[in-house]
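Asks: Input structure: final-v3.csv, which contains CSV, C-alpha atoms and all ligand atoms.
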chain,number,residue,atom,x,y,z
A,782,MET,CA,-4.3,0.6,30.8
A,783,LYS,CA,-4.7,0.4,27.0
A,784,THR,CA,-1.8,-0.5,24.8
A,785,ILE,CA,-0.9,1.3,21.6
A,786,SER,CA,1.3,-0.7,19.2
A,787,ILE,CA,3.5,1.3,16.9
A,788,LEU,CA,4.3,-0.8,13.9
A,789,ILE,CA,7.4,0.1,12.0
A,790,PRO,CA,8.4,-1.7,8.8
A,791,ALA,CA,12.1,-1.1,8.3
A,792,TYR,CA,14.3,-1.9,5.3
A,793,ASN,CA,17.9,-0.6,5.4
A,794,GLU,CA,17.0,2.2,7.8
A,795,ALA,CA,20.1,2.1,10.1
A,796,PRO,CA,20.9,5.8,9.7
A,797,VAL,CA,17.5,7.0,11.1
A,798,LEU,CA,16.7,4.4,13.8
A,799,ASP,CA,18.3,6.3,16.7
A,800,GLN,CA,16.5,9.4,15.8
A,801,LEU,CA,13.2,7.5,15.4
A,802,MET,CA,13.6,5.8,18.8
A,803,THR,CA,14.3,9.1,20.5
A,804,ARG,CA,11.2,10.6,19.1
A,805,LEU,CA,9.1,7.5,19.9
A,806,GLY,CA,10.5,7.6,23.4
A,807,ASN,CA,9.5,11.3,23.7
A,808,LEU,CA,6.0,10.4,22.5
A,809,ALA,CA,5.6,7.7,25.1
A,810,GLN,CA,6.7,10.2,27.8
A,811,GLU,CA,4.1,12.7,26.6
A,812,VAL,CA,1.2,10.3,26.3
A,813,LYS,CA,1.0,9.1,29.8
A,814,ASN,CA,-2.1,7.0,30.2
A,815,TYR,CA,-1.1,4.3,27.7
A,816,ASP,CA,1.3,1.5,27.4
A,817,PHE,CA,3.3,1.3,24.3
A,818,GLU,CA,4.7,-1.5,22.1
A,819,PHE,CA,7.2,-0.6,19.4
A,820,LEU,CA,7.1,-3.5,16.9
A,821,PHE,CA,9.8,-3.3,14.3
A,822,VAL,CA,9.6,-5.5,11.3
A,823,ASN,CA,13.0,-5.9,9.8
A,824,ASP,CA,12.4,-6.6,6.2
A,825,GLY,CA,15.6,-8.3,5.2
A,826,SER,CA,17.8,-5.3,5.6
A,827,LYS,CA,21.3,-5.5,4.4
A,828,ASP,CA,22.7,-2.9,6.8
A,829,ALA,CA,22.9,-2.8,10.5
A,830,THR,CA,19.2,-2.3,11.0
A,831,LEU,CA,18.6,-5.6,12.8
A,832,GLU,CA,21.5,-5.1,15.2
A,833,ILE,CA,20.3,-1.7,16.1
A,834,ILE,CA,16.8,-2.9,16.7
A,835,LYS,CA,18.2,-5.8,18.9
A,836,GLY,CA,20.2,-3.1,20.8
A,837,PHE,CA,16.9,-1.3,21.5
A,838,ALA,CA,15.2,-4.5,22.6
A,839,ASP,CA,18.0,-5.4,25.0
A,840,ILE,CA,17.3,-2.3,27.1
A,841,ASP,CA,13.7,-1.5,26.5
A,842,PRO,CA,10.9,-4.1,27.0
A,843,ARG,CA,8.5,-1.9,24.9
A,844,VAL,CA,10.5,-2.9,21.9
A,845,SER,CA,9.5,-6.1,20.0
A,846,TYR,CA,10.8,-7.1,16.6
A,847,ILE,CA,10.1,-9.5,13.8
A,848,ASN,CA,13.0,-10.5,11.6
A,849,LEU,CA,11.7,-11.7,8.2
A,850,SER,CA,13.7,-14.3,6.4
A,851,ARG,CA,14.4,-12.0,3.5
A,852,ASN,CA,13.1,-8.7,1.9
A,853,PHE,CA,9.4,-9.1,1.2
A,854,GLY,CA,8.5,-5.5,0.6
A,855,LYS,CA,6.6,-3.0,2.8
A,856,GLU,CA,3.2,-4.4,2.1
A,857,ILE,CA,4.1,-7.9,3.3
A,858,GLY,CA,6.1,-6.3,6.2
A,859,MET,CA,3.0,-4.6,7.3
A,860,ILE,CA,0.8,-7.7,7.4
A,861,ALA,CA,3.6,-9.6,9.3
A,862,GLY,CA,3.5,-6.8,11.8
A,863,LEU,CA,-0.3,-6.7,12.0
A,864,ASP,CA,-0.3,-10.4,12.7
A,865,HIS,CA,1.8,-9.8,15.8
A,866,VAL,CA,0.8,-6.5,17.3
A,867,THR,CA,-0.8,-6.8,20.7
A,868,GLY,CA,-2.2,-3.3,21.2
A,869,ASP,CA,-5.8,-2.1,21.5
A,870,ALA,CA,-4.8,0.2,18.6
A,871,THR,CA,-2.0,0.1,16.1
A,872,VAL,CA,-0.2,3.0,14.5
A,873,VAL,CA,1.6,2.1,11.2
A,874,ILE,CA,4.5,4.5,10.7
A,875,ASP,CA,7.5,4.7,8.3
A,876,ALA,CA,10.9,4.3,9.8
A,877,ASP,CA,12.3,7.3,8.0
A,878,LEU,CA,10.4,9.9,10.1
A,879,GLN,CA,8.5,11.2,7.1
A,880,ASP,CA,5.5,10.5,9.2
A,881,PRO,CA,5.9,12.7,12.3
A,882,PRO,CA,5.3,10.7,15.5
A,883,GLU,CA,4.1,13.9,17.1
A,884,LEU,CA,0.8,13.4,15.3
A,885,ILE,CA,0.0,10.2,17.2
A,886,PRO,CA,-1.5,11.9,20.4
A,887,GLU,CA,-4.1,13.5,18.2
A,888,MET,CA,-4.8,10.2,16.5
A,889,ILE,CA,-5.2,8.6,19.9
A,890,LYS,CA,-7.6,11.3,20.9
A,891,LEU,CA,-9.8,10.7,17.9
A,892,TRP,CA,-9.6,7.0,18.4
A,893,GLU,CA,-11.0,7.5,22.0
A,894,GLU,CA,-13.8,9.6,20.4
A,895,GLY,CA,-14.8,6.4,18.6
A,896,TYR,CA,-13.1,6.5,15.2
A,897,ASP,CA,-11.6,3.2,14.1
A,898,ASP,CA,-9.2,4.3,11.3
A,899,VAL,CA,-7.6,7.7,11.8
A,900,TYR,CA,-5.5,8.4,8.8
A,901,ALA,CA,-3.1,11.2,8.1
A,902,LYS,CA,-3.6,13.1,4.9
A,903,ARG,CA,-0.8,15.1,3.3
A,904,ARG,CA,-1.6,18.7,3.2
A,905,SER,CA,1.0,19.6,0.7
A,906,ARG,CA,3.2,17.7,-1.7
A,907,GLU,CA,6.1,20.0,-1.6
A,908,GLY,CA,9.3,19.0,-3.3
A,909,GLU,CA,7.4,17.0,-5.9
A,910,THR,CA,7.4,17.9,-9.6
A,911,ALA,CA,4.2,19.3,-11.2
A,912,LEU,CA,4.2,16.2,-13.4
A,913,LYS,CA,4.1,13.9,-10.4
A,914,LYS,CA,1.4,15.9,-8.7
A,915,PHE,CA,-0.7,15.9,-11.9
A,916,THR,CA,-0.3,12.2,-12.7
A,917,SER,CA,-1.2,11.3,-9.1
A,918,ARG,CA,-4.3,13.5,-9.2
A,919,MET,CA,-5.5,11.9,-12.5
A,920,TYR,CA,-4.8,8.5,-11.1
A,921,TYR,CA,-6.9,9.0,-8.0
A,922,LYS,CA,-9.7,10.5,-10.2
A,923,THR,CA,-9.7,7.6,-12.6
A,924,LEU,CA,-9.6,5.0,-9.9
A,925,GLN,CA,-12.4,6.6,-8.0
A,926,SER,CA,-14.6,6.8,-11.1
A,927,VAL,CA,-14.5,3.0,-11.6
A,928,THR,CA,-15.1,1.8,-8.1
A,929,ARG,CA,-17.8,2.4,-5.5
A,930,ILE,CA,-15.4,2.1,-2.6
A,931,PRO,CA,-14.4,5.6,-1.4
A,932,ILE,CA,-10.7,6.1,-1.9
A,933,GLN,CA,-8.6,8.4,0.3
A,934,GLU,CA,-6.4,10.7,-1.7
A,935,ASP,CA,-2.9,11.7,-0.7
A,936,THR,CA,-2.9,9.3,2.2
A,937,GLY,CA,-0.2,6.7,2.9
A,938,ASP,CA,-0.1,4.0,5.4
A,939,PHE,CA,0.5,6.4,8.3
A,940,ARG,CA,-2.6,5.8,10.4
A,941,LEU,CA,-4.1,4.5,13.7
A,942,LEU,CA,-6.2,1.4,13.4
A,943,ASP,CA,-8.5,0.1,16.1
A,944,ARG,CA,-8.2,-3.6,17.1
A,945,ARG,CA,-11.2,-4.5,15.0
A,946,VAL,CA,-9.7,-3.0,11.8
A,947,VAL,CA,-6.5,-4.9,12.5
A,948,GLU,CA,-8.5,-8.1,12.9
A,949,ALA,CA,-10.3,-7.3,9.6
A,950,LEU,CA,-7.1,-6.7,7.8
A,951,LYS,CA,-5.6,-10.0,9.1
A,952,GLU,CA,-8.3,-11.8,7.2
A,953,PHE,CA,-6.9,-10.5,3.9
A,954,ARG,CA,-4.4,-13.3,3.0
A,955,GLU,CA,-3.8,-12.3,-0.6
A,956,SER,CA,-0.2,-12.3,-1.6
A,957,GLN,CA,-0.2,-9.4,-4.0
A,958,ARG,CA,-1.2,-6.8,-1.4
A,959,ASN,CA,-2.3,-3.3,-1.9
A,960,THR,CA,-2.8,-2.3,1.6
A,961,LYS,CA,-4.2,1.1,0.7
A,962,ALA,CA,-7.0,-0.6,-1.2
A,963,MET,CA,-7.7,-2.8,1.8
A,964,PHE,CA,-7.9,0.2,4.2
A,965,SER,CA,-10.6,1.6,1.9
A,966,TRP,CA,-12.3,-1.7,1.5
A,967,VAL,CA,-12.8,-2.5,5.2
A,968,GLY,CA,-14.6,0.7,5.9
A,969,PHE,CA,-15.4,1.4,9.6
A,970,HIS,CA,-15.4,4.9,11.0
A,971,LYS,CA,-12.7,6.8,9.3
A,972,LYS,CA,-11.3,10.2,10.2
A,973,GLU,CA,-8.7,12.2,8.5
A,974,ILE,CA,-6.1,14.6,10.0
A,975,LEU,CA,-4.0,16.8,7.9
A,976,TYR,CA,-0.2,17.0,8.1
A,977,ASP,CA,2.8,18.2,6.2
A,978,ARG,CA,5.0,15.3,5.1
A,979,ASP,CA,8.6,15.8,6.1
A,980,PRO,CA,11.4,14.9,3.8
A,981,ARG,CA,13.2,11.7,4.8
A,982,ALA,CA,15.4,12.2,7.9
A,983,ALA,CA,18.3,10.1,6.4
A,984,GLY,CA,18.9,7.2,4.1
A,985,GLU,CA,17.2,7.0,0.8
A,986,THR,CA,13.8,6.1,-0.7
A,987,LYS,CA,13.2,2.6,-2.0
A,988,TRP,CA,10.9,3.9,-4.7
A,989,ASN,CA,11.5,4.7,-8.3
A,990,TYR,CA,9.2,5.4,-11.3
A,991,ILE,CA,9.0,1.8,-12.5
A,992,LYS,CA,8.0,0.7,-9.0
A,993,LEU,CA,5.4,3.5,-8.9
A,994,VAL,CA,3.9,2.4,-12.2
A,995,GLU,CA,3.7,-1.1,-10.8
A,996,LEU,CA,2.1,0.1,-7.7
A,997,ALA,CA,-0.5,2.0,-9.8
A,998,ILE,CA,-1.3,-1.1,-11.8
A,999,ASP,CA,-1.5,-3.1,-8.6
A,1000,GLY,CA,-3.9,-0.5,-7.2
A,1001,ILE,CA,-6.2,-0.7,-10.1
A,1002,THR,CA,-6.3,-4.4,-10.4
A,1003,SER,CA,-6.8,-5.0,-6.7
A,1004,PHE,CA,-9.7,-2.5,-6.6
A,1005,THR,CA,-11.6,-3.3,-9.7
A,1006,THR,CA,-12.1,-5.5,-12.7
A,1007,ALA,CA,-13.2,-2.5,-14.8
A,1008,PRO,CA,-10.3,-2.7,-17.3
A,1009,LEU,CA,-11.6,-6.1,-18.4
A,1010,ARG,CA,-14.9,-4.5,-19.1
A,1011,ILE,CA,-13.3,-1.6,-20.9
A,1012,ALA,CA,-11.6,-4.1,-23.2
A,1013,THR,CA,-15.0,-5.7,-23.9
A,1014,TYR,CA,-16.6,-2.3,-24.7
A,1015,ALA,CA,-13.7,-1.4,-26.9
A,1016,GLY,CA,-14.1,-4.7,-28.7
A,1017,ILE,CA,-17.9,-4.2,-29.2
A,1018,ILE,CA,-17.4,-0.6,-30.5
A,1019,VAL,CA,-14.6,-1.5,-32.9
A,1020,SER,CA,-16.5,-4.6,-34.2
A,1021,LEU,CA,-19.6,-2.5,-34.7
A,1022,LEU,CA,-17.8,0.1,-36.7
A,1023,ALA,CA,-16.0,-2.5,-38.7
A,1024,PHE,CA,-19.4,-4.1,-39.5
A,1025,LEU,CA,-20.8,-0.8,-40.7
A,1026,TYR,CA,-17.8,-0.2,-42.8
A,1027,LEU,CA,-18.2,-3.6,-44.3
A,1028,ILE,CA,-21.7,-2.9,-45.4
A,1029,PHE,CA,-20.6,0.4,-46.8
A,1030,LEU,CA,-17.9,-1.4,-48.8
A,1031,VAL,CA,-20.3,-4.0,-50.2
A,1032,ILE,CA,-22.7,-1.3,-51.3
A,1033,ARG,CA,-20.0,0.9,-52.8
A,1034,THR,CA,-18.5,-2.1,-54.7
A,1035,ALA,CA,-21.9,-3.0,-56.0
A,1036,ILE,CA,-22.4,0.5,-57.3
A,1037,LEU,CA,-19.0,1.6,-58.3
A,1038,GLY,CA,-17.1,-1.7,-59.0
A,1039,THR,CA,-13.9,-2.7,-57.3
A,1040,ASP,CA,-10.7,-0.7,-56.9
A,1041,LEU,CA,-7.6,-1.9,-55.3
A,1042,ALA,CA,-6.4,1.4,-53.7
A,1043,GLY,CA,-6.5,1.8,-49.9
A,1044,TYR,CA,-3.4,0.0,-48.8
A,1045,PRO,CA,-2.4,2.6,-46.3
A,1046,SER,CA,-5.8,2.8,-44.7
A,1047,MET,CA,-5.9,-1.0,-44.5
A,1048,MET,CA,-2.5,-1.0,-42.8
A,1049,ALA,CA,-3.7,1.6,-40.3
A,1050,VAL,CA,-6.8,-0.4,-39.4
A,1051,ILE,CA,-4.8,-3.7,-39.0
A,1052,LEU,CA,-2.2,-2.1,-36.9
A,1053,PHE,CA,-4.7,-0.3,-34.7
A,1054,LEU,CA,-6.7,-3.5,-34.1
A,1055,GLY,CA,-3.5,-5.4,-33.5
A,1056,GLY,CA,-2.6,-2.9,-30.8
A,1057,VAL,CA,-6.1,-3.0,-29.2
A,1058,GLN,CA,-5.9,-6.8,-29.1
A,1059,LEU,CA,-2.5,-6.9,-27.6
A,1060,LEU,CA,-3.5,-4.4,-24.9
A,1061,SER,CA,-6.6,-6.4,-24.1
A,1062,LEU,CA,-4.6,-9.6,-23.9
A,1063,GLY,CA,-2.2,-7.7,-21.6
A,1064,ILE,CA,-5.0,-6.6,-19.3
A,1065,ILE,CA,-6.4,-10.2,-19.2
A,1066,GLY,CA,-2.9,-11.4,-18.5
A,1067,GLU,CA,-2.6,-9.1,-15.5
A,1068,TYR,CA,-5.6,-10.7,-13.9
A,1069,VAL,CA,-4.7,-14.2,-14.9
A,1070,GLY,CA,-1.2,-13.6,-13.4
A,1071,ARG,CA,-2.9,-12.6,-10.2
A,1072,ILE,CA,-5.1,-15.7,-10.1
A,1073,PHE,CA,-1.9,-17.8,-10.7
A,1074,ASN,CA,-0.1,-16.2,-7.8
A,1075,GLU,CA,-3.0,-16.5,-5.4
A,1076,THR,CA,-3.8,-20.1,-6.3
A,1077,LYS,CA,-0.3,-21.1,-5.2
A,1078,GLN,CA,-1.4,-20.4,-1.6
A,1079,ARG,CA,2.1,-19.7,-0.4
A,1080,PRO,CA,2.6,-18.3,3.1
A,1081,LEU,CA,2.8,-14.5,2.9
A,1082,TYR,CA,6.1,-14.3,4.7
A,1083,LEU,CA,8.6,-16.3,6.8
A,1084,ILE,CA,9.9,-15.3,10.1
A,1085,GLU,CA,13.4,-15.9,11.1
A,1086,GLU,CA,13.0,-14.6,14.6
A,1087,TYR,CA,10.2,-13.0,16.6
A,1088,HIS,CA,11.1,-11.2,19.8
A,1089,ASN,CA,8.3,-10.1,22.1
A,1090,GLY,CA,9.6,-7.5,24.5
A,1091,LYS,CA,6.9,-8.4,27.1
A,1092,THR,CA,8.0,-12.0,27.6
A,1093,PRO,CA,10.1,-12.3,30.7
A,1094,LYS,CA,13.8,-12.7,30.0
A,1095,LYS,CA,14.3,-16.2,31.3
A,1096,ALA,CA,11.4,-17.6,29.3
A,1097,ARG,CA,13.2,-16.7,26.1
A,1098,ARG,CA,15.0,-19.3,24.0
A,1099,LYS,CA,18.7,-18.8,23.9
A,1100,ASN,CA,20.4,-18.7,20.6
B,1201,LIG,N1,10.2,-0.6,3.5
B,1201,LIG,C1,10.1,-1.9,3.8
B,1201,LIG,N2,10.5,-2.8,2.8
B,1201,LIG,C2,10.8,-2.5,1.6
B,1201,LIG,C3,10.9,-1.1,1.3
B,1201,LIG,C4,10.5,-0.2,2.3
B,1201,LIG,O1,9.8,-2.3,4.9
B,1201,LIG,O2,11.1,-3.3,0.8
B,1201,LIG,C5,9.9,0.4,4.5
B,1201,LIG,C6,10.9,1.5,4.7
B,1201,LIG,O3,11.9,1.1,5.6
B,1201,LIG,C7,10.1,2.6,5.3
B,1201,LIG,C8,8.8,2.5,4.6
B,1201,LIG,O4,8.7,1.1,4.1
B,1201,LIG,O5,9.9,2.5,6.7
B,1201,LIG,C9,8.6,3.4,3.4
B,1201,LIG,O6,9.7,3.3,2.5
B,1201,LIG,P1,10.3,4.6,1.8
B,1201,LIG,O7,10.6,5.6,2.8
B,1201,LIG,O8,11.5,4.1,1.0
B,1201,LIG,O9,9.1,5.0,0.8
B,1201,LIG,P2,8.7,6.5,0.5
B,1201,LIG,O10,8.5,7.2,1.8
B,1201,LIG,O11,9.7,7.1,-0.3
B,1201,LIG,O12,7.4,6.3,-0.2
B,1202,MG,MG,9.9,7.5,3.1
Show me this structure written as structure tokens.
Replies:
Amino acid sequence: MKTISILIPAYNEAPVLDQLMTRLGNLAQEVKNYDFEFLFVNDGSKDATLEIIKGFADIDPRVSYINLSRNFGKEIGMIAGLDHVTGDATVVIDADLQDPPELIPEMIKLWEEGYDDVYAKRRSREGETALKKFTSRMYYKTLQSVTRIPIQEDTGDFRLLDRRVVEALKEFRESQRNTKAMFSWVGFHKKEILYDRDPRAAGETKWNYIKLVELAIDGITSFTTAPLRIATYAGIIVSLLAFLYLIFLVIRTAILGTDLAGYPSMMAVILFLGGVQLLSLGIIGEYVGRIFNETKQRPLYLIEEYHNGKTPKKARRKN
């Protein structure tokens, strides 16, 4: 029998876990010809998340868990999970039930048809402001225009991955992870299915606008170095214009003599160029910072405890 691993990164999700477990249990009942592994990654939760997961694991051998040594963020939580899943296919799903587990049977069906990466695409973005929809649209458009890798719009991390995609993703050991960019990068046979994203079942989102902006910058810098080139082009254009202006000034002075007016325009030019320079430095800094972080070669995460539900009880270390 093939095994499907369900990978669930969880950070302060105590209020929803019972509901999640019930729905996953129902799913496993419904999909008969497969074994299931429910791998929870507790990402340094400050509430009862870990205790609840341990409670599940005590009575259900399908439940495994990883307890990370602190909060590392969802991206790192996912790679920690991918490093430990045992299934022939892995479904990454949010703990908050925004990704309906009821979609998983369809994903499995498509996987059996030969697709390696079956991802769920949001049909609607209800409950989001027009501004958020617009900015997200523009963001995807811009990103797509600067990279050759096809980018999946309106998709999150909710997807089924074949073993070979998991193995491919495990090769990515960069510490500043943008998993979405990686899903796109690895390629393989992709298939989308549409769904309506539910509101969070309970608890609250860990995102805010600042984090979203950071995610957006991460997305760009992990996909492409185009901003560096844009800075170069801007530099070339501005210098060229400045040079033409210089020639014009020399000729004008030769014909008409000097005049000292023009302080405001001078100020404008200096300020504008100063701004462009600072922006370019900032862009370069983003990439240099990334190089700095990657060269440290730190481990991506530390595990405080790994419990594999399939290991027989007596083989387990007591603590
Ligand atoms: N998550 C995590 N570590 C974090 C933040 C979030 O593992 O530091 C998990 C969280 O428990 C949930 C998923 O990532 O399962 C998505 O988080 P959230 O629902 O807050 O994001 P949103 O759905 O609002 O984008
Ligand atoms: Mg959510």
Asks: Please compute the CA of Glu832 (chain A)-CA of Ile785 (chain A) distance, one decimal, in Å.
Replies: 24.2 Å
Asks: Determine, counting all atoms listed in the file, which protein, DNA and RNA residues have an atom within 12 Å of an atom of region 810-816 of chain A; residues of the same chain fewer than 3 positions away are not included. Present the result as an MDAnalysis selection string.
Replies: chainID A and resid 782:787 803:807 819 842:844 867:871 882:890 893 1091
Asks: List all protein, DNA and RNA residues that have at least one atom no more than 6 Å from any atom of ligand LIG 1201 (chain B), counting all atoms listed in the file, and write them as a PyMOL selection string.
Replies: chain A and resi 790-792+794+824+852+854-855+858+875-877+986-988
Asks: Out of A:Phe939, A:Phe1024, A:Phe1053, A:Phe1073, which residue has the shortest atom-to-atom distance to ligand MG 1202 (chain B) when counting all atoms listed in the file?
Replies: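 So, comparing all the options, the nearest one is A:Phe939.
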Asks: Which of these residues is nearest to Glu934 (chain A), using all atoms listed in the file: A:Tyr900, A:Gly1038, A:Met963, A:Lys913?
Replies: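 Of the candidates, the smallest distance to Glu934 (chain A) is held by A:Tyr900.
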Asks: Between A:Ala809, A:Leu1027, A:Ile874, A:Ile857, which one has atoms that come closest to ligand MG 1202 (chain B), using only C-alpha atoms and all ligand atoms?
Replies: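 Nearest candidate to ligand MG 1202 (chain B) out of A:Ala809, A:Leu1027, A:Ile874, A:Ile857: A:Ile874.
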Asks: Between CA of Val946 (chain A) and CA of Thr960 (chain A), what is the distance in Å, rounded to a tenth?
Replies: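 We find that CA of Val946 (chain A) and CA of Thr960 (chain A) lie 12.3 Å from each other.
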Asks: Tell me which of A:Leu1030, A:Leu1009, A:Ala838, A:Leu878 sits closest to ligand MG 1202 (chain B), counting all atoms listed in the file.
Replies: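 For ligand MG 1202 (chain B), the nearest of the given residues is A:Leu878.
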Asks: Can you tell me how far CA of Gly1056 (chain A) sits from CA of Tyr1068 (chain A), in Å to one decimal?
Replies: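 According to the coordinates, CA of Gly1056 (chain A) and CA of Tyr1068 (chain A) are separated by 18.9 Å.
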Asks: Identify which of the residues A:Glu856, A:Ile1028, A:Gln879, A:Gln933 lies closest to Arg918 (chain A), counting only C-alpha atoms when measuring atom-to-atom distances.
Replies: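 Comparing A:Glu856, A:Ile1028, A:Gln879, A:Gln933 against Arg918 (chain A), the winner is A:Gln933.
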Asks: Rank A:Ile1064, A:Phe1029, A:Thr1039, A:Asp935 by their smallest atom-to-atom distance to Lys922 (chain A), using all atoms listed in the file, and report the top residue only.
Replies: A:Asp935
Asks: Within 8 Å of Lys951 (chain A), counting only C-alpha atoms, which residues show up once you throw out same-chain ones fewer than 3 positions away? Write them as a ChimeraX atom specification, please.
Replies: /A:860,863-864,947-948,954
Asks: Do a neighbour search on Asp897 (chain A) at 10 Å with all atoms listed in the file, toss out local chain neighbours closer than 3 positions, and write the hits as a PyMOL selection string.
Replies: chain A and resi 870+891-894+900+941-947+968-972
Asks: Store the residues picked out above in a file with C-alpha atoms, as a CSV table (one decimal), in the frame of the given file.
Replies:
chain,number,residue,atom,x,y,z
A,870,ALA,CA,-4.8,0.2,18.6
A,891,LEU,CA,-9.8,10.7,17.9
A,892,TRP,CA,-9.6,7.0,18.4
A,893,GLU,CA,-11.0,7.5,22.0
A,894,GLU,CA,-13.8,9.6,20.4
A,900,TYR,CA,-5.5,8.4,8.8
A,941,LEU,CA,-4.1,4.5,13.7
A,942,LEU,CA,-6.2,1.4,13.4
A,943,ASP,CA,-8.5,0.1,16.1
A,944,ARG,CA,-8.2,-3.6,17.1
A,945,ARG,CA,-11.2,-4.5,15.0
A,946,VAL,CA,-9.7,-3.0,11.8
A,947,VAL,CA,-6.5,-4.9,12.5
A,968,GLY,CA,-14.6,0.7,5.9
A,969,PHE,CA,-15.4,1.4,9.6
A,970,HIS,CA,-15.4,4.9,11.0
A,971,LYS,CA,-12.7,6.8,9.3
A,972,LYS,CA,-11.3,10.2,10.2
Asks: Hey, what's within 9 Å of Ser1061 (chain A) if we count all atoms listed in the file and toss same-chain stuff fewer than 3 positions away? As a PyMOL selection string, please?
Replies: chain A and resi 1008-1009+1011-1013+1016+1056-1058+1064-1066
Asks: May I have a table of the residues of region 992-1038 of chain A lying at most 12 Å from region 929-932 of chain A, giving each one's closest pair of atoms and their distance in Å to one decimal, counting all atoms listed in the file, ordered by chain and ascending residue number, as CSV?
Replies:
residue,atom,partner,partner_atom,distance
A:Gly1000,CA,A:Ile932,CA,10.9
A:Ile1001,CA,A:Ile932,CA,11.6
A:Ser1003,CA,A:Ile930,CA,11.9
A:Phe1004,CA,A:Ile930,CA,8.3
A:Thr1005,CA,A:Arg929,CA,9.4
A:Ala1007,CA,A:Arg929,CA,11.5
